[in-house]
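Shown next, in structure tokens, is the structure this report addresses.
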Amino acid sequence: MSPPRLPVIAAAGAFAVAAAAVLLPPLTASGATPACSVEYSVTNSWDSGFQAGVKIINNGAPTSSWSLKFDFAGTQKVTQGWSAKWSQSGRTVTASNESWNGALPTGGSVDAGFIASGKGSDPAPTTFELNGVTCDKDPGSSPSPSPTGTDPSQPPADPGTAPALHASGNKLVDAKGAERHLYGVNRSGGEFMCVQGRGIFDGPVDDASVAAIADWKVNTVRIPLNEECWLGTADIDPAYAGANYVSAVKDYVSRLEAHGITPIVELHWTYGTYTGNSSGCADVHASCQKPMPDAQYSPSFWKSVAGTFKDDPAVAFDLFNEPYPDRATTTLDQAWTCWRDGGTCPGIGYEVAGMQDLVDAVRAAGAQNLVLIPGVAYANDLRQWVSHEPADPAGNTAAAWHSYNFNTCSSASCWNEQLTPVISKVPFVAGEIGENTCSHGYVDQVMSWLDAHDASYLGWTWNTWDCSTGPSLISSYDGTPTPYGTGLRDHLRSLR
């Protein structure tokens with residue numbers, strides 16, 4: 001599923017906060033200099049609002065642009081700002097440089113400020129990220145493992161680590177041969193924030209936010225990505241692309257693994273002009289869901305991603321979010337041929353990379369990681385998955401399925417007919433389940449059916465959006481569930 005378009009609050013002020021003094025970079029507890037430091041201060045307050053300033057100090061490599069991100073702990077809302085382009089989504093605030101103050105040399109600093117509604121006495125932000133890197137943090141430190149417990153029916157790997165997974169028949173097993181199931185959530189943001197010039201992730205991805213996910217007894221998080229942001233193409237702001245983007249994704253993967261959570265990195269938005277049936281946008285760039293991956297960038301994306309994580313078998317790869325070549329072609333057979341083989345596909349104006357091309361790209365990079373392969377009809381139709389299954393020399397693939405109450409195949413009778421033949425052959429992961437009702441009646445049915453068929457599933461999505469505009473599991477990144485999210489949370493906890 002693609003995220004809803006989120007509102008951006010931004011206002012430019014007419015004055016800047018002056019620099020107070022030249023500061024020496026602070027040291028962390030181990031004595032190492034952090035990559036960046038941030039000073040936050042409330043300079044004025046009144047009954048319904050306050051004025052605050054931030055001083056950003058760059059202790060790392062010089063940069064030509066910057067973006068600062070932090071979360072409010074209360075109900076504060078930015079209403080006006082200066083010396084930066086200010087925006088806010090939920091509790092997450094982003095400040096990006098103006099055209100005249102983007103250069104930030106090593107040892108350099110920049111000041112910016114804002115006015116917000118709320119109370120200045122509300123808790124101040126505690127964690128700041130500059131260009132995706134956590135400030136005031138020892139660069140050699142590692143996140144602490146989660147203190148959450150385990151269950152003998154779903155054994156973890158060594159404490160604080162995620163298990164290496166492999167397909168064995170129609171089961172997923174760990175390095176010791178024990179059967180595993182993937183139960184978890186999606187963490188949307190990496191697919192759209194960067195291409196919209198608003199950051200890398202939507203909301204916090206620090207250790208505290210991962211601990212909140214783990215508290216739901218989640219053992220898997222799927223991370224949607226954008227191929228142009230990962231590859232650093234010219235149309236993406238460098239602050240959110242290339243090395244900065246890759247580093248942010250790697251950091252998040254490490255934090256998840258430190259809590260024993262399996263990361264699934266997934267290709268969500270891709271390049272290529274498509275204006276046919278069910279088109280998400282006319283833009284050639286990776287700014288919406290396209291019907292199929294593109295031959296220009298998608299194999300390169302997967303070769304790079306696979307090369308990045310090939311020595312970490314705990315990371316799983318989901319090849320493409322929701323293929324829908326069936327909406328562009330005239331027959332289902334044509335759609336499945338396009339799905340597997342790519343090339344010139346009926347109704348699609350760009351050269352397509354098929355699922356076989358992407359499997360080949362992953363394995364050519366030397367990665368033996370588990371690969372998830374979705375079906376057609378927005379991953380809701382798997383009827384010809386087995387007969388068109390891509391060849392994999394590593395023998396490590398699983399079928400991926402998406403299920404929402406508004407999909408065509410949304411009943412137990414359809415699942416019995418279309419899914420059971422696939423489940424009997426290969427491991428089966430419902431990479432997205434959800435509903436647009438702000439309730440959990442449908443996902444309760446889906447989870448019950450999948451449990452009975454020994455399958456895995458992940459809810460969409462761990463983001464604080466209005467559940468009436470999209471299936472949002474939480475209302476706060478501390479793990480407070482929406483009415484919809486309550487169903488998933490309580491069910492996952494019941495399994496442990």
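Letters for chains follow the order of the structure tokens (A, B, ...), residue numbers begin at 1 for each chain, and ligand numbers begin at 1 in the order shown.
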Residues of range 250-415 of chain A classed as alpha helix (DSSP H) by DSSP on the backbone are to be reported as a count of residues only. 45
Considering only C-alpha atoms, tabulate each residue of range 30-106 of chain A that lies at most 9 Å from range 465-480 of chain A along with its nearest interatomic pair and the corresponding distance in Å to one decimal; arrange the rows by chain and ascending residue number and present them as CSV.
```
residue,atom,partner,partner_atom,distance
A:Ser89,CA,A:Trp465,CA,8.7
A:Gly90,CA,A:Trp465,CA,7.5
A:Arg91,CA,A:Ser476,CA,8.2
```
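Using only C-alpha atoms, the nearest neighbour of Ser298 in chain A within the list A:Ala361, A:Ala243, A:Ala248, A:Met447 is A:Ala361.
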Nearby residues (only C-alpha atoms) at most 7 Å from Val218 in chain A, same-chain spacing under 5 positions excluded, as an MDAnalysis selection string: chainID A and resid 183:184 213 492
Close residues, Asp451 in chain A itself excluded, 12 Å, only C-alpha atoms, min 5 positions apart in chain, as a ChimeraX atom specification: /A:181-183,423,428-430,443-446,456-457,491-492,495
Please provide as a PyMOL selection string all residues within 9 Å of Phe317 in chain A, with the sequence filter that same-chain residues fewer than 3 positions apart are discarded (counting only C-alpha atoms). chain A and resi 263-267+302+305-306+362+369-373
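Shortest atom-to-atom contact with Leu256 in chain A among A:Asn436, A:Gln296, A:Ser209, A:Ser99: A:Ser209, counting only C-alpha atoms.
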Expressed in Å to a single decimal, how great is the separation between CA of Ala212 in chain A and CA of Asn463 in chain A?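 CA of Asn463 in chain A lies 12.3 Å from CA of Ala212 in chain A.
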Rounded to one decimal in Å, what is the spacing between CA of Gln196 in chain A and CA of Tyr484 in chain A?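 These atoms are spaced 27.6 Å apart.
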Go through A:Leu488, A:Val359, A:Val422, A:Ala412 one by one, measure the shortest atom-to-atom distance of each to Lys171 in chain A using only C-alpha atoms, and give the residue with the smallest value. A:Val422
Residues within 7 Å of Gly102 in chain A, only C-alpha atoms, excluding chain neighbours under 2 positions, as a ChimeraX atom specification: /A:64-66,97-100,104
Those residues you just picked out, can you put them in a file as an mmCIF file, in the first residue's frame with N, CA and C atoms?
```
data_model
loop_
_atom_site.group_PDB
_atom_site.id
_atom_site.type_symbol
_atom_site.label_atom_id
_atom_site.label_comp_id
_atom_site.auth_asym_id
_atom_site.auth_seq_id
_atom_site.Cartn_x
_atom_site.Cartn_y
_atom_site.Cartn_z
ATOM 1 N N SER A 64 26.888 20.414 2.117
ATOM 2 C CA SER A 64 26.355 21.575 1.402
ATOM 3 C C SER A 64 24.875 21.810 1.694
ATOM 4 N N SER A 65 24.256 20.889 2.422
ATOM 5 C CA SER A 65 22.859 21.048 2.806
ATOM 6 C C SER A 65 22.629 20.263 4.088
ATOM 7 N N TRP A 66 21.604 20.650 4.826
ATOM 8 C CA TRP A 66 21.344 19.958 6.083
ATOM 9 C C TRP A 66 19.850 19.882 6.368
ATOM 10 N N ASN A 97 17.680 23.463 5.554
ATOM 11 C CA ASN A 97 18.370 24.730 5.299
ATOM 12 C C ASN A 97 17.671 25.596 4.268
ATOM 13 N N GLU A 98 17.855 26.892 4.387
ATOM 14 C CA GLU A 98 17.477 27.832 3.340
ATOM 15 C C GLU A 98 18.570 27.827 2.276
ATOM 16 N N SER A 99 18.319 28.477 1.158
ATOM 17 C CA SER A 99 19.294 28.497 0.067
ATOM 18 C C SER A 99 20.593 29.178 0.472
ATOM 19 N N TRP A 100 20.525 30.064 1.470
ATOM 20 C CA TRP A 100 21.692 30.858 1.834
ATOM 21 C C TRP A 100 22.466 30.304 3.024
ATOM 22 N N LEU A 104 27.648 23.797 5.663
ATOM 23 C CA LEU A 104 27.961 23.577 7.076
ATOM 24 C C LEU A 104 29.300 22.851 7.152
#
```
Residues within 6 Å of Gly459 in chain A, please, as number ranges by chain. Count only C-alpha atoms; anything in the same chain fewer than 5 positions from it doesn't count. A: 185, 432-433
